[in-house]
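Novice: Just entry_32.csv, nothing more (CSV, C-alpha atoms (C1' of nucleotides)):
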chain,number,residue,atom,x,y,z
G,1,MET,CA,-1.5,72.6,0.4
G,2,HIS,CA,-0.3,69.4,-1.2
G,3,PRO,CA,-2.3,68.2,-4.3
G,4,ALA,CA,-3.3,65.1,-2.4
G,5,THR,CA,-4.7,67.1,0.5
G,6,GLN,CA,-6.6,69.2,-2.0
G,7,MET,CA,-8.0,66.1,-3.7
G,8,ILE,CA,-9.3,64.8,-0.4
G,9,ARG,CA,-11.2,68.0,0.0
G,10,GLU,CA,-12.6,67.6,-3.5
G,11,ILE,CA,-13.6,64.1,-2.8
G,12,LEU,CA,-15.7,65.5,0.1
G,13,ASP,CA,-17.4,67.9,-2.3
G,14,VAL,CA,-18.1,65.3,-4.9
G,15,SER,CA,-19.4,62.9,-2.3
G,16,ALA,CA,-21.8,65.5,-1.1
G,17,GLU,CA,-23.0,65.9,-4.7
G,18,PHE,CA,-23.4,62.2,-5.0
G,19,GLU,CA,-25.5,62.1,-1.8
G,20,GLY,CA,-27.7,64.8,-3.3
G,21,HIS,CA,-28.1,62.7,-6.4
G,22,LEU,CA,-29.1,59.6,-4.4
G,23,GLY,CA,-31.5,61.6,-2.3
G,24,ARG,CA,-33.2,62.9,-5.5
G,25,GLU,CA,-33.3,59.3,-6.8
G,26,LEU,CA,-35.2,58.1,-3.8
G,27,SER,CA,-37.1,61.4,-3.4
G,28,VAL,CA,-36.1,61.9,0.2
G,29,ASN,CA,-34.6,64.7,2.2
G,30,PRO,CA,-31.0,64.4,3.6
G,31,THR,CA,-32.1,63.2,7.0
G,32,ASP,CA,-34.4,60.5,5.6
G,33,LEU,CA,-31.6,59.5,3.2
G,34,ALA,CA,-29.1,59.1,6.0
G,35,ALA,CA,-31.6,56.9,7.8
G,36,MET,CA,-32.0,54.8,4.7
G,37,GLU,CA,-28.3,54.4,4.3
G,38,HIS,CA,-27.9,53.1,7.9
G,39,LEU,CA,-30.8,50.7,7.5
G,40,ILE,CA,-29.4,49.4,4.2
G,41,GLN,CA,-25.9,49.2,5.5
G,42,SER,CA,-26.6,47.7,9.0
G,43,GLY,CA,-30.0,46.0,8.6
G,44,PRO,CA,-33.1,46.7,10.7
G,45,LEU,CA,-32.6,49.2,13.5
G,46,ALA,CA,-34.5,50.6,16.4
G,47,PRO,CA,-35.6,54.3,16.3
G,48,SER,CA,-33.4,55.1,19.3
G,49,GLU,CA,-30.4,53.6,17.5
G,50,LEU,CA,-31.2,55.8,14.4
G,51,ALA,CA,-31.5,58.8,16.6
G,52,ARG,CA,-28.1,58.1,18.0
G,53,ARG,CA,-26.5,57.6,14.6
G,54,LEU,CA,-28.1,60.5,12.9
G,55,HIS,CA,-27.5,62.9,15.8
G,56,ILE,CA,-31.2,63.8,16.0
G,57,THR,CA,-33.8,63.4,18.7
G,58,PRO,CA,-36.3,60.6,19.0
G,59,PRO,CA,-39.2,62.7,17.9
G,60,ALA,CA,-37.3,63.7,14.8
G,61,VAL,CA,-36.8,59.9,14.1
G,62,THR,CA,-40.5,59.3,14.5
G,63,ALA,CA,-41.3,62.0,11.9
G,64,SER,CA,-38.6,60.7,9.6
G,65,VAL,CA,-39.9,57.1,9.8
G,66,ASP,CA,-43.4,58.4,9.3
G,67,ARG,CA,-42.3,60.0,6.1
G,68,LEU,CA,-40.3,56.9,4.9
G,69,GLU,CA,-43.1,54.6,5.8
G,70,ALA,CA,-45.6,56.7,3.9
G,71,VAL,CA,-43.7,56.3,0.6
G,72,GLY,CA,-43.0,52.6,1.3
G,73,HIS,CA,-39.2,53.0,1.9
G,74,VAL,CA,-39.4,51.3,5.3
G,75,LEU,CA,-41.5,49.1,7.4
G,76,ARG,CA,-42.3,49.5,11.2
G,77,THR,CA,-42.6,46.2,13.1
G,78,HIS,CA,-43.1,45.6,16.8
G,79,ASP,CA,-40.5,43.6,18.6
G,80,ALA,CA,-41.9,40.3,19.7
G,81,GLY,CA,-40.0,40.0,22.9
G,82,ASP,CA,-40.3,43.6,24.2
G,83,ARG,CA,-43.4,45.3,22.9
G,84,ARG,CA,-42.1,48.8,23.7
G,85,ARG,CA,-39.5,48.3,21.0
G,86,ILE,CA,-40.0,49.1,17.3
G,87,VAL,CA,-37.8,47.8,14.5
G,88,ILE,CA,-37.4,49.7,11.3
G,89,THR,CA,-36.6,47.8,8.1
G,90,ALA,CA,-35.7,49.1,4.7
G,91,SER,CA,-38.1,47.7,2.1
G,92,GLN,CA,-36.6,45.3,-0.4
G,93,ALA,CA,-37.6,47.5,-3.4
G,94,SER,CA,-36.1,50.7,-1.9
G,95,THR,CA,-32.9,48.8,-0.9
G,96,ALA,CA,-32.6,47.6,-4.5
G,97,GLN,CA,-33.2,51.0,-5.9
G,98,ALA,CA,-30.5,52.5,-3.7
G,99,MET,CA,-28.1,49.7,-4.5
G,100,GLY,CA,-28.7,50.4,-8.1
G,101,VAL,CA,-27.1,53.8,-7.7
G,102,LEU,CA,-24.6,52.9,-5.0
G,103,MET,CA,-23.1,49.7,-6.2
G,104,PRO,CA,-21.8,50.9,-9.6
G,105,MET,CA,-20.1,53.8,-7.8
G,106,ILE,CA,-18.6,51.7,-5.1
G,107,ARG,CA,-17.5,49.1,-7.7
G,108,ASP,CA,-15.7,51.8,-9.7
G,109,VAL,CA,-14.0,53.3,-6.7
G,110,ASP,CA,-13.1,49.9,-5.5
G,111,ARG,CA,-11.6,49.1,-8.9
G,112,VAL,CA,-9.2,52.0,-8.8
G,113,ILE,CA,-6.8,50.6,-6.3
G,114,GLU,CA,-6.5,47.3,-8.2
G,115,SER,CA,-4.5,49.0,-10.9
G,116,PHE,CA,-1.6,49.6,-8.5
G,117,ASP,CA,1.0,47.0,-7.5
G,118,ALA,CA,1.1,45.5,-4.0
G,119,ASP,CA,3.7,48.0,-2.7
G,120,GLN,CA,1.7,51.0,-3.9
G,121,GLN,CA,-1.6,49.6,-2.6
G,122,ALA,CA,0.0,49.2,0.8
G,123,ALA,CA,1.2,52.8,0.6
G,124,ILE,CA,-2.2,54.1,-0.4
G,125,THR,CA,-3.9,52.2,2.3
G,126,ARG,CA,-1.4,53.4,4.9
G,127,TYR,CA,-1.8,56.9,3.7
G,128,LEU,CA,-5.6,56.8,4.0
G,129,ASP,CA,-5.3,55.3,7.5
G,130,GLN,CA,-3.0,58.0,8.6
G,131,VAL,CA,-5.2,60.8,7.2
G,132,LEU,CA,-8.0,59.3,9.2
G,133,VAL,CA,-5.8,59.4,12.3
G,134,ALA,CA,-4.8,63.0,11.7
G,135,TYR,CA,-8.4,64.0,11.0
G,136,ARG,CA,-9.7,62.3,14.2
G,137,SER,CA,-7.0,63.9,16.3
G,138,HIS,CA,-8.6,67.3,15.6
G,139,ILE,CA,-12.1,66.3,16.8
G,140,PRO,CA,-12.8,66.8,20.4
G,141,SER,CA,-13.8,63.4,21.8
G,142,ASP,CA,-17.5,64.2,22.2
G,143,GLY,CA,-17.7,64.9,25.9
G,144,SER,CA,-21.5,64.5,26.0
G,145,ALA,CA,-21.2,62.3,29.2
Y,1,MET,CA,-15.2,46.4,-0.3
Y,2,HIS,CA,-11.5,47.1,-0.3
Y,3,PRO,CA,-10.1,48.6,2.9
Y,4,ALA,CA,-9.0,51.7,1.0
Y,5,THR,CA,-12.6,52.2,-0.2
Y,6,GLN,CA,-13.9,51.7,3.3
Y,7,MET,CA,-11.5,54.2,4.6
Y,8,ILE,CA,-12.5,56.8,2.1
Y,9,ARG,CA,-16.1,56.4,3.4
Y,10,GLU,CA,-14.8,56.8,7.0
Y,11,ILE,CA,-13.0,60.0,6.0
Y,12,LEU,CA,-16.3,61.3,4.8
Y,13,ASP,CA,-17.8,60.5,8.3
Y,14,VAL,CA,-14.9,62.0,10.2
Y,15,SER,CA,-15.0,65.1,8.0
Y,16,ALA,CA,-18.7,65.6,8.8
Y,17,GLU,CA,-17.9,65.4,12.5
Y,18,PHE,CA,-15.1,67.9,12.0
Y,19,GLU,CA,-17.5,70.3,10.3
Y,20,GLY,CA,-19.8,69.9,13.3
Y,21,HIS,CA,-17.0,70.8,15.5
Y,22,LEU,CA,-16.1,73.9,13.5
Y,23,GLY,CA,-19.7,75.0,13.4
Y,24,ARG,CA,-19.9,74.8,17.1
Y,25,GLU,CA,-16.7,76.7,17.4
Y,26,LEU,CA,-18.1,79.6,15.3
Y,27,SER,CA,-21.6,79.1,16.8
Y,28,VAL,CA,-23.2,78.9,13.4
Y,29,ASN,CA,-25.6,76.5,11.8
Y,30,PRO,CA,-24.4,74.2,8.9
Y,31,THR,CA,-25.6,76.6,6.2
Y,32,ASP,CA,-23.9,79.6,7.7
Y,33,LEU,CA,-20.8,77.6,8.2
Y,34,ALA,CA,-20.8,76.6,4.6
Y,35,ALA,CA,-21.1,80.3,3.6
Y,36,MET,CA,-18.2,81.2,5.9
Y,37,GLU,CA,-16.0,78.5,4.4
Y,38,HIS,CA,-16.7,79.8,0.9
Y,39,LEU,CA,-16.0,83.4,1.9
Y,40,ILE,CA,-12.8,82.4,3.7
Y,41,GLN,CA,-11.6,80.2,0.8
Y,42,SER,CA,-12.6,82.4,-2.1
Y,43,GLY,CA,-12.7,85.9,-0.6
Y,44,PRO,CA,-15.6,88.3,-0.8
Y,45,LEU,CA,-18.6,87.0,-2.8
Y,46,ALA,CA,-22.0,88.3,-4.0
Y,47,PRO,CA,-25.2,86.8,-2.4
Y,48,SER,CA,-26.2,85.4,-5.7
Y,49,GLU,CA,-22.8,83.6,-5.9
Y,50,LEU,CA,-23.3,82.2,-2.4
Y,51,ALA,CA,-26.8,81.0,-3.4
Y,52,ARG,CA,-25.3,79.2,-6.4
Y,53,ARG,CA,-22.6,77.5,-4.3
Y,54,LEU,CA,-24.7,76.5,-1.3
Y,55,HIS,CA,-27.6,75.3,-3.5
Y,56,ILE,CA,-30.0,77.5,-1.6
Y,57,THR,CA,-32.3,80.3,-2.9
Y,58,PRO,CA,-31.4,84.0,-2.7
Y,59,PRO,CA,-33.8,84.7,0.2
Y,60,ALA,CA,-32.1,82.0,2.2
Y,61,VAL,CA,-28.8,83.7,1.6
Y,62,THR,CA,-30.2,87.1,2.7
Y,63,ALA,CA,-31.3,85.4,6.0
Y,64,SER,CA,-28.0,83.6,6.4
Y,65,VAL,CA,-26.0,86.8,5.8
Y,66,ASP,CA,-28.3,88.6,8.2
Y,67,ARG,CA,-27.5,86.1,10.9
Y,68,LEU,CA,-23.7,86.1,10.1
Y,69,GLU,CA,-23.7,89.9,10.1
Y,70,ALA,CA,-25.5,90.1,13.4
Y,71,VAL,CA,-22.8,88.2,15.2
Y,72,GLY,CA,-20.0,90.0,13.3
Y,73,HIS,CA,-18.8,87.1,11.2
Y,74,VAL,CA,-19.4,89.0,7.9
Y,75,LEU,CA,-19.7,92.5,6.5
Y,76,ARG,CA,-22.1,93.7,3.8
Y,77,THR,CA,-20.8,96.3,1.5
Y,78,HIS,CA,-22.4,97.9,-1.6
Y,79,ASP,CA,-20.6,97.6,-4.9
Y,80,ALA,CA,-19.3,101.0,-6.0
Y,81,GLY,CA,-19.8,100.4,-9.7
Y,82,ASP,CA,-23.2,98.7,-9.6
Y,83,ARG,CA,-25.3,99.7,-6.6
Y,84,ARG,CA,-27.6,96.8,-7.0
Y,85,ARG,CA,-24.8,94.5,-6.1
Y,86,ILE,CA,-23.8,93.5,-2.6
Y,87,VAL,CA,-20.5,92.1,-1.6
Y,88,ILE,CA,-20.2,89.8,1.5
Y,89,THR,CA,-16.8,89.7,3.3
Y,90,ALA,CA,-15.8,87.5,6.1
Y,91,SER,CA,-14.5,89.5,9.0
Y,92,GLN,CA,-10.8,89.3,9.9
Y,93,ALA,CA,-11.5,88.1,13.4
Y,94,SER,CA,-13.8,85.3,12.3
Y,95,THR,CA,-11.5,84.2,9.5
Y,96,ALA,CA,-8.7,84.0,12.1
Y,97,GLN,CA,-10.9,82.0,14.4
Y,98,ALA,CA,-11.8,79.5,11.7
Y,99,MET,CA,-8.2,79.3,10.6
Y,100,GLY,CA,-7.2,78.5,14.1
Y,101,VAL,CA,-9.3,75.3,13.8
Y,102,LEU,CA,-8.7,74.5,10.2
Y,103,MET,CA,-5.0,75.1,9.7
Y,104,PRO,CA,-3.7,72.6,12.3
Y,105,MET,CA,-5.9,69.9,10.8
Y,106,ILE,CA,-4.9,70.8,7.2
Y,107,ARG,CA,-1.3,70.9,8.3
Y,108,ASP,CA,-1.4,67.5,9.9
Y,109,VAL,CA,-3.2,65.9,6.9
Y,110,ASP,CA,-0.8,67.6,4.6
Y,111,ARG,CA,2.1,66.2,6.6
Y,112,VAL,CA,1.0,62.6,6.2
Y,113,ILE,CA,2.0,62.3,2.6
Y,114,GLU,CA,5.5,63.6,3.3
Y,115,SER,CA,6.4,60.4,5.1
Y,116,PHE,CA,6.2,58.5,1.8
Y,117,ASP,CA,8.9,58.3,-0.9
Y,118,ALA,CA,8.5,60.0,-4.2
Y,119,ASP,CA,7.2,56.9,-6.0
Y,120,GLN,CA,4.6,56.2,-3.3
Y,121,GLN,CA,3.5,59.9,-3.2
Y,122,ALA,CA,2.9,59.7,-7.0
Y,123,ALA,CA,0.9,56.5,-6.5
Y,124,ILE,CA,-1.2,58.1,-3.7
Y,125,THR,CA,-1.9,61.2,-5.8
Y,126,ARG,CA,-2.8,59.2,-8.8
Y,127,TYR,CA,-5.1,57.0,-6.8
Y,128,LEU,CA,-6.9,60.0,-5.3
Y,129,ASP,CA,-7.3,61.6,-8.7
Y,130,GLN,CA,-8.8,58.4,-10.2
Y,131,VAL,CA,-11.1,58.0,-7.2
Y,132,LEU,CA,-12.3,61.5,-8.0
Y,133,VAL,CA,-12.8,60.6,-11.7
Y,134,ALA,CA,-14.7,57.5,-10.7
Y,135,TYR,CA,-16.9,59.4,-8.3
Y,136,ARG,CA,-17.7,62.1,-10.8
Y,137,SER,CA,-18.6,59.7,-13.5
Y,138,HIS,CA,-21.6,58.6,-11.3
Y,139,ILE,CA,-23.0,62.1,-10.8
Y,140,PRO,CA,-25.5,63.3,-13.5
Y,141,SER,CA,-24.0,66.4,-15.0
Y,142,ASP,CA,-26.5,68.9,-13.4
Y,143,GLY,CA,-28.9,69.5,-16.3
Y,144,SER,CA,-30.4,72.6,-14.7
Y,145,ALA,CA,-30.3,74.4,-18.0
D,1,DA,C1',-33.1,111.4,-23.0
D,2,DT,C1',-36.6,108.2,-21.6
D,3,DC,C1',-38.9,103.9,-21.3
D,4,DC,C1',-39.2,99.2,-20.3
D,5,DA,C1',-37.1,94.8,-19.6
D,6,DT,C1',-33.7,92.8,-16.8
D,7,DT,C1',-30.9,92.1,-12.9
D,8,DA,C1',-29.9,92.0,-7.8
D,9,DC,C1',-31.3,91.7,-3.5
D,10,DT,C1',-35.0,91.9,0.1
D,11,DT,C1',-39.5,91.3,2.3
D,12,DA,C1',-43.6,88.4,3.2
D,13,DA,C1',-46.3,84.3,3.7
D,14,DA,C1',-46.3,79.6,4.0
D,15,DG,C1',-44.2,75.0,4.6
D,16,DA,C1',-40.8,71.4,6.2
D,17,DG,C1',-38.1,69.7,9.7
D,18,DG,C1',-36.1,70.0,14.4
D,19,DT,C1',-36.2,70.4,19.6
D,20,DG,C1',-37.8,70.0,24.6
D,21,DA,C1',-41.6,68.7,27.4
D,22,DA,C1',-45.3,66.0,28.4
D,23,DC,C1',-47.9,61.5,27.5
D,24,DT,C1',-48.7,56.4,26.8
D,25,DA,C1',-47.4,51.7,26.9
D,26,DT,C1',-44.5,48.3,28.5
D,27,DT,C1',-40.9,46.1,31.3
D,28,DC,C1',-38.3,45.2,35.4
D,29,DG,C1',-36.4,45.3,40.1
D,30,DA,C1',-37.6,45.9,45.1
P,1,DT,C1',-47.6,44.4,42.9
P,2,DC,C1',-46.1,48.8,42.7
P,3,DG,C1',-42.9,52.5,41.6
P,4,DA,C1',-39.0,53.6,38.6
P,5,DA,C1',-37.1,53.2,34.2
P,6,DT,C1',-37.4,52.5,29.2
P,7,DA,C1',-39.1,53.1,24.2
P,8,DG,C1',-41.6,55.5,21.3
P,9,DT,C1',-45.0,59.1,20.2
P,10,DT,C1',-47.7,63.5,20.4
P,11,DC,C1',-47.7,68.4,21.1
P,12,DA,C1',-46.3,73.2,21.0
P,13,DC,C1',-42.9,76.0,19.4
P,14,DC,C1',-38.8,77.5,16.8
P,15,DT,C1',-35.5,77.8,13.0
P,16,DC,C1',-34.6,77.6,8.3
P,17,DT,C1',-36.1,77.2,3.5
P,18,DT,C1',-39.0,78.1,-0.4
P,19,DT,C1',-42.2,80.6,-3.6
P,20,DA,C1',-44.1,84.9,-4.8
P,21,DA,C1',-44.2,89.6,-4.7
P,22,DG,C1',-41.7,94.0,-3.9
P,23,DT,C1',-37.9,97.6,-4.3
P,24,DA,C1',-33.9,99.5,-6.4
P,25,DA,C1',-30.6,100.1,-10.0
P,26,DT,C1',-28.9,99.2,-14.7
P,27,DG,C1',-28.9,99.2,-19.6
P,28,DG,C1',-30.4,98.7,-24.4
P,29,DA,C1',-33.9,100.4,-27.8
P,30,DT,C1',-36.0,104.1,-29.5
Spit out the file's structure as structure tokens when you get a sec.

Specialist:
Amino acid sequence: MHPATQMIREILDVSAEFEGHLGRELSVNPTDLAAMEHLIQSGPLAPSELARRLHITPPAVTASVDRLEAVGHVLRTHDAGDRRRIVITASQASTAQAMGVLMPMIRDVDRVIESFDADQQAAITRYLDQVLVAYRSHIPSDGSA
Amino acid sequence: MHPATQMIREILDVSAEFEGHLGRELSVNPTDLAAMEHLIQSGPLAPSELARRLHITPPAVTASVDRLEAVGHVLRTHDAGDRRRIVITASQASTAQAMGVLMPMIRDVDRVIESFDADQQAAITRYLDQVLVAYRSHIPSDGSA
DNA sequence: ATCCATTACTTAAAGAGGTGAACTATTCGA
DNA sequence: TCGAATAGTTCACCTCTTTAAGTAATGGAT
């Protein structure tokens, strides 16, 4: 196995550790953390959308949002137009708290590539893109339809 | 966020999907899959070592090994020298089954870097190494002692 | 040589989180 | 306006995990 391939695997491990750290920081379980990440990344979302993204069922989302709401991490609001619909919003304070952990890490990772010249940066970007392609080619395309 | 940084994040997502695929292939839950991966990667391990690596408690390992043993994925053997100790070994057939999914993916990812010239390969490798360093610098060094 | 503390794993009871099925409220097309 | 569809929730049940207690084996101190 090429050192680069091995390092990608190590990045996966380190990333998992980082998630654990962030989860402890916000005092939430992995599912609730994943929900928070989507809400912070994408803005307010419907429970059904969270269910789709987290690969869990609607009742599990209800439970997750209950937990997050109880500790003030998110807010439930009813959609004005369609009163069946609920919108989940990450609280400002919790978003800031998560950002406080995420941003410095992202900034540092982002900074790494800047120390390479344009040609090297292009190579790195193309490499990552092709790794992504290779990875994806080994995942059966869902088939849930 | 630089495209490269964004792609690393996407690799994390795709990798998670791939894990799901492998788990379905072996018909095991995420915990049991993680155990299998360690056993395949590192060879026979003690339950206590699995507990340490998977960040779960010894009873959870007992349960996991019970499940894996029941479907023939692993074998429990008593250590000859110290009869308190147990050694868990991944079965030959299950290892081959997992390899059948893993190897083609690893091979393809490994192949990606070969299409770059020596200078670019060095840049890619150094980039990944520094990303790893950056990532690690944002993880509190355990502190469980 | 024999205790007693320690180590390694398991069993047991209880808790957290997930799913499928059924329920409630709301919207929308015939 | 009424039946079907949609969105979210409640309910019962199941799986997996943890803490606490139990069992077996080892090993150092006497």

Novice: Could you list the residues in chain G lying within 10 Å of chain P, using only C-alpha atoms (C1' of nucleotides), and format the result as a PyMOL selection string?

Specialist: chain G and resi 46-48+58-59+61-63+82-86

Novice: Closest to chain G among D:DT19, D:DT2, D:DT10, D:DT24, using only C-alpha atoms (C1' of nucleotides)?

Specialist: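 Looking at the shortest contact to chain G, the residue is D:DT19.
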
Novice: Rounded to one decimal, what separation in Å do you get between CA of Phe18 in chain G and CA of His138 in chain Y?

Specialist: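 Going from CA of Phe18 in chain G over to CA of His138 in chain Y, I get 7.5 Å.
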
Novice: Write down, as a list in words, each residue of chain D that has any atom within 10 Å of an atom of chain G, counting all atoms listed in the file.

Specialist: DA16, DG17, DG18, DT19, DG20, DA25, DT26 and DT27 of chain D

Novice: Nearest residue to chain G out of Y:Arg67, Y:Arg24, Y:Arg136, Y:Arg76, using only C-alpha atoms?

Specialist: Y:Arg136

Novice: Got a sec to check which residues sit within 9 Å of (-12.8, 84.2, 7.8), counting all atoms listed in the file, and write them as a ChimeraX atom specification?

Specialist: /Y:36-37,39-41,43,73-74,89-99

Novice: Considering all atoms listed in the file, tabulate each residue of chain Y that lies at most 8 Å from chain G along with its nearest interatomic pair and the corresponding distance in Å to one decimal; arrange the rows by chain and ascending residue number and present them as JSON lines.

Specialist:
{"residue": "Y:Met1", "atom": "CA", "partner": "G:Asp110", "partner_atom": "CA", "distance": 6.6}
{"residue": "Y:His2", "atom": "CA", "partner": "G:Asp110", "partner_atom": "CA", "distance": 6.1}
{"residue": "Y:Pro3", "atom": "CA", "partner": "G:Thr125", "partner_atom": "CA", "distance": 7.2}
{"residue": "Y:Ala4", "atom": "CA", "partner": "G:Thr125", "partner_atom": "CA", "distance": 5.3}
{"residue": "Y:Thr5", "atom": "CA", "partner": "G:Asp110", "partner_atom": "CA", "distance": 5.8}
{"residue": "Y:Met7", "atom": "CA", "partner": "G:Leu128", "partner_atom": "CA", "distance": 6.5}
{"residue": "Y:Ile8", "atom": "CA", "partner": "G:Leu128", "partner_atom": "CA", "distance": 7.2}
{"residue": "Y:Glu10", "atom": "CA", "partner": "G:Leu132", "partner_atom": "CA", "distance": 7.6}
{"residue": "Y:Ile11", "atom": "CA", "partner": "G:Leu132", "partner_atom": "CA", "distance": 6.0}
{"residue": "Y:Leu12", "atom": "CA", "partner": "G:Leu12", "partner_atom": "CA", "distance": 6.3}
{"residue": "Y:Val14", "atom": "CA", "partner": "G:Arg136", "partner_atom": "CA", "distance": 6.6}
{"residue": "Y:Ser15", "atom": "CA", "partner": "G:Tyr135", "partner_atom": "CA", "distance": 7.3}
{"residue": "Y:Glu17", "atom": "CA", "partner": "G:Ile139", "partner_atom": "CA", "distance": 7.3}
{"residue": "Y:Phe18", "atom": "CA", "partner": "G:Ile139", "partner_atom": "CA", "distance": 5.9}
{"residue": "Y:His21", "atom": "CA", "partner": "G:Ile139", "partner_atom": "CA", "distance": 6.8}
{"residue": "Y:Pro104", "atom": "CA", "partner": "G:His138", "partner_atom": "CA", "distance": 7.9}
{"residue": "Y:Met105", "atom": "CA", "partner": "G:His138", "partner_atom": "CA", "distance": 6.1}
{"residue": "Y:Ile106", "atom": "CA", "partner": "G:Thr5", "partner_atom": "CA", "distance": 7.7}
{"residue": "Y:Asp108", "atom": "CA", "partner": "G:Ala134", "partner_atom": "CA", "distance": 5.9}
{"residue": "Y:Val109", "atom": "CA", "partner": "G:Val131", "partner_atom": "CA", "distance": 5.5}
{"residue": "Y:Asp110", "atom": "CA", "partner": "G:Thr5", "partner_atom": "CA", "distance": 5.7}
{"residue": "Y:Val112", "atom": "CA", "partner": "G:Val131", "partner_atom": "CA", "distance": 6.5}
{"residue": "Y:Ile113", "atom": "CA", "partner": "G:Tyr127", "partner_atom": "CA", "distance": 6.7}
{"residue": "Y:Phe116", "atom": "CA", "partner": "G:Ala123", "partner_atom": "CA", "distance": 7.7}
{"residue": "Y:Gln120", "atom": "CA", "partner": "G:Gln120", "partner_atom": "CA", "distance": 6.0}
{"residue": "Y:Ala123", "atom": "CA", "partner": "G:Gln120", "partner_atom": "CA", "distance": 6.1}
{"residue": "Y:Ile124", "atom": "CA", "partner": "G:Ile124", "partner_atom": "CA", "distance": 5.3}
{"residue": "Y:Thr125", "atom": "CA", "partner": "G:Ala4", "partner_atom": "CA", "distance": 5.4}
{"residue": "Y:Tyr127", "atom": "CA", "partner": "G:Ile113", "partner_atom": "CA", "distance": 6.6}
{"residue": "Y:Leu128", "atom": "CA", "partner": "G:Met7", "partner_atom": "CA", "distance": 6.4}
{"residue": "Y:Asp129", "atom": "CA", "partner": "G:Met7", "partner_atom": "CA", "distance": 6.8}
{"residue": "Y:Gln130", "atom": "CA", "partner": "G:Val112", "partner_atom": "CA", "distance": 6.6}
{"residue": "Y:Val131", "atom": "CA", "partner": "G:Val109", "partner_atom": "CA", "distance": 5.5}
{"residue": "Y:Leu132", "atom": "CA", "partner": "G:Ile11", "partner_atom": "CA", "distance": 6.0}
{"residue": "Y:Ala134", "atom": "CA", "partner": "G:Val109", "partner_atom": "CA", "distance": 5.8}
{"residue": "Y:Tyr135", "atom": "CA", "partner": "G:Met105", "partner_atom": "CA", "distance": 6.5}
{"residue": "Y:Arg136", "atom": "CA", "partner": "G:Val14", "partner_atom": "CA", "distance": 6.7}
{"residue": "Y:His138", "atom": "CA", "partner": "G:Met105", "partner_atom": "CA", "distance": 6.1}
{"residue": "Y:Ile139", "atom": "CA", "partner": "G:Phe18", "partner_atom": "CA", "distance": 5.8}
{"residue": "Y:Pro140", "atom": "CA", "partner": "G:His21", "partner_atom": "CA", "distance": 7.6}

Novice: Distance CA of Leu50 in chain G-C1' of DG29 in chain D, one decimal place?

Specialist: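 CA of Leu50 in chain G sits 28.2 Å away from C1' of DG29 in chain D.
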
Novice: Tell me which protein, DNA and RNA residues are within 9 Å of Arg53 in chain G, counting all atoms listed in the file, leaving out same-chain ones fewer than 4 positions away, and put them as a PyMOL selection string.

Specialist: chain G and resi 35+38+48-49

Novice: Could you jot down the CA of Ile88 in chain G to C1' of DG15 in chain D separation for me, Å, one decimal place?

Specialist: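 One can read the CA of Ile88 in chain G to C1' of DG15 in chain D distance as 27.0 Å.
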
Novice: Complete range 113-124 of chain G at the level of N, CA and C atoms, written as a PDB file, keeping the file's coordinate frame.

Specialist:
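Produced file rebuild-v2.pdb, reproduced below:
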ATOM      1  N   ILE G 113      -8.032  51.006  -7.003  1.00  0.00           N
ATOM      2  CA  ILE G 113      -6.800  50.600  -6.300  1.00  0.00           C
ATOM      3  C   ILE G 113      -6.189  49.339  -6.906  1.00  0.00           C
ATOM      4  N   GLU G 114      -7.001  48.596  -7.639  1.00  0.00           N
ATOM      5  CA  GLU G 114      -6.500  47.300  -8.200  1.00  0.00           C
ATOM      6  C   GLU G 114      -5.456  47.563  -9.301  1.00  0.00           C
ATOM      7  N   SER G 115      -5.437  48.779  -9.845  1.00  0.00           N
ATOM      8  CA  SER G 115      -4.500  49.000 -10.900  1.00  0.00           C
ATOM      9  C   SER G 115      -3.097  49.388 -10.384  1.00  0.00           C
ATOM     10  N   PHE G 116      -2.942  49.302  -9.064  1.00  0.00           N
ATOM     11  CA  PHE G 116      -1.600  49.600  -8.500  1.00  0.00           C
ATOM     12  C   PHE G 116      -0.987  48.279  -8.002  1.00  0.00           C
ATOM     13  N   ASP G 117       0.355  48.263  -7.978  1.00  0.00           N
ATOM     14  CA  ASP G 117       1.000  47.000  -7.500  1.00  0.00           C
ATOM     15  C   ASP G 117       0.920  46.962  -5.986  1.00  0.00           C
ATOM     16  N   ALA G 118       1.293  45.819  -5.470  1.00  0.00           N
ATOM     17  CA  ALA G 118       1.100  45.500  -4.000  1.00  0.00           C
ATOM     18  C   ALA G 118       1.736  46.589  -3.141  1.00  0.00           C
ATOM     19  N   ASP G 119       2.940  46.997  -3.490  1.00  0.00           N
ATOM     20  CA  ASP G 119       3.700  48.000  -2.700  1.00  0.00           C
ATOM     21  C   ASP G 119       2.911  49.320  -2.658  1.00  0.00           C
ATOM     22  N   GLN G 120       2.440  49.705  -3.836  1.00  0.00           N
ATOM     23  CA  GLN G 120       1.700  51.000  -3.900  1.00  0.00           C
ATOM     24  C   GLN G 120       0.378  50.893  -3.206  1.00  0.00           C
ATOM     25  N   GLN G 121      -0.300  49.761  -3.336  1.00  0.00           N
ATOM     26  CA  GLN G 121      -1.600  49.600  -2.600  1.00  0.00           C
ATOM     27  C   GLN G 121      -1.371  49.718  -1.130  1.00  0.00           C
ATOM     28  N   ALA G 122      -0.278  49.157  -0.643  1.00  0.00           N
ATOM     29  CA  ALA G 122       0.000  49.200   0.800  1.00  0.00           C
ATOM     30  C   ALA G 122       0.242  50.699   1.192  1.00  0.00           C
ATOM     31  N   ALA G 123       0.953  51.424   0.338  1.00  0.00           N
ATOM     32  CA  ALA G 123       1.200  52.800   0.600  1.00  0.00           C
ATOM     33  C   ALA G 123      -0.066  53.641   0.659  1.00  0.00           C
ATOM     34  N   ILE G 124      -0.927  53.390  -0.333  1.00  0.00           N
ATOM     35  CA  ILE G 124      -2.200  54.100  -0.400  1.00  0.00           C
ATOM     36  C   ILE G 124      -3.057  53.831   0.825  1.00  0.00           C
TER      37      ILE G 124
END
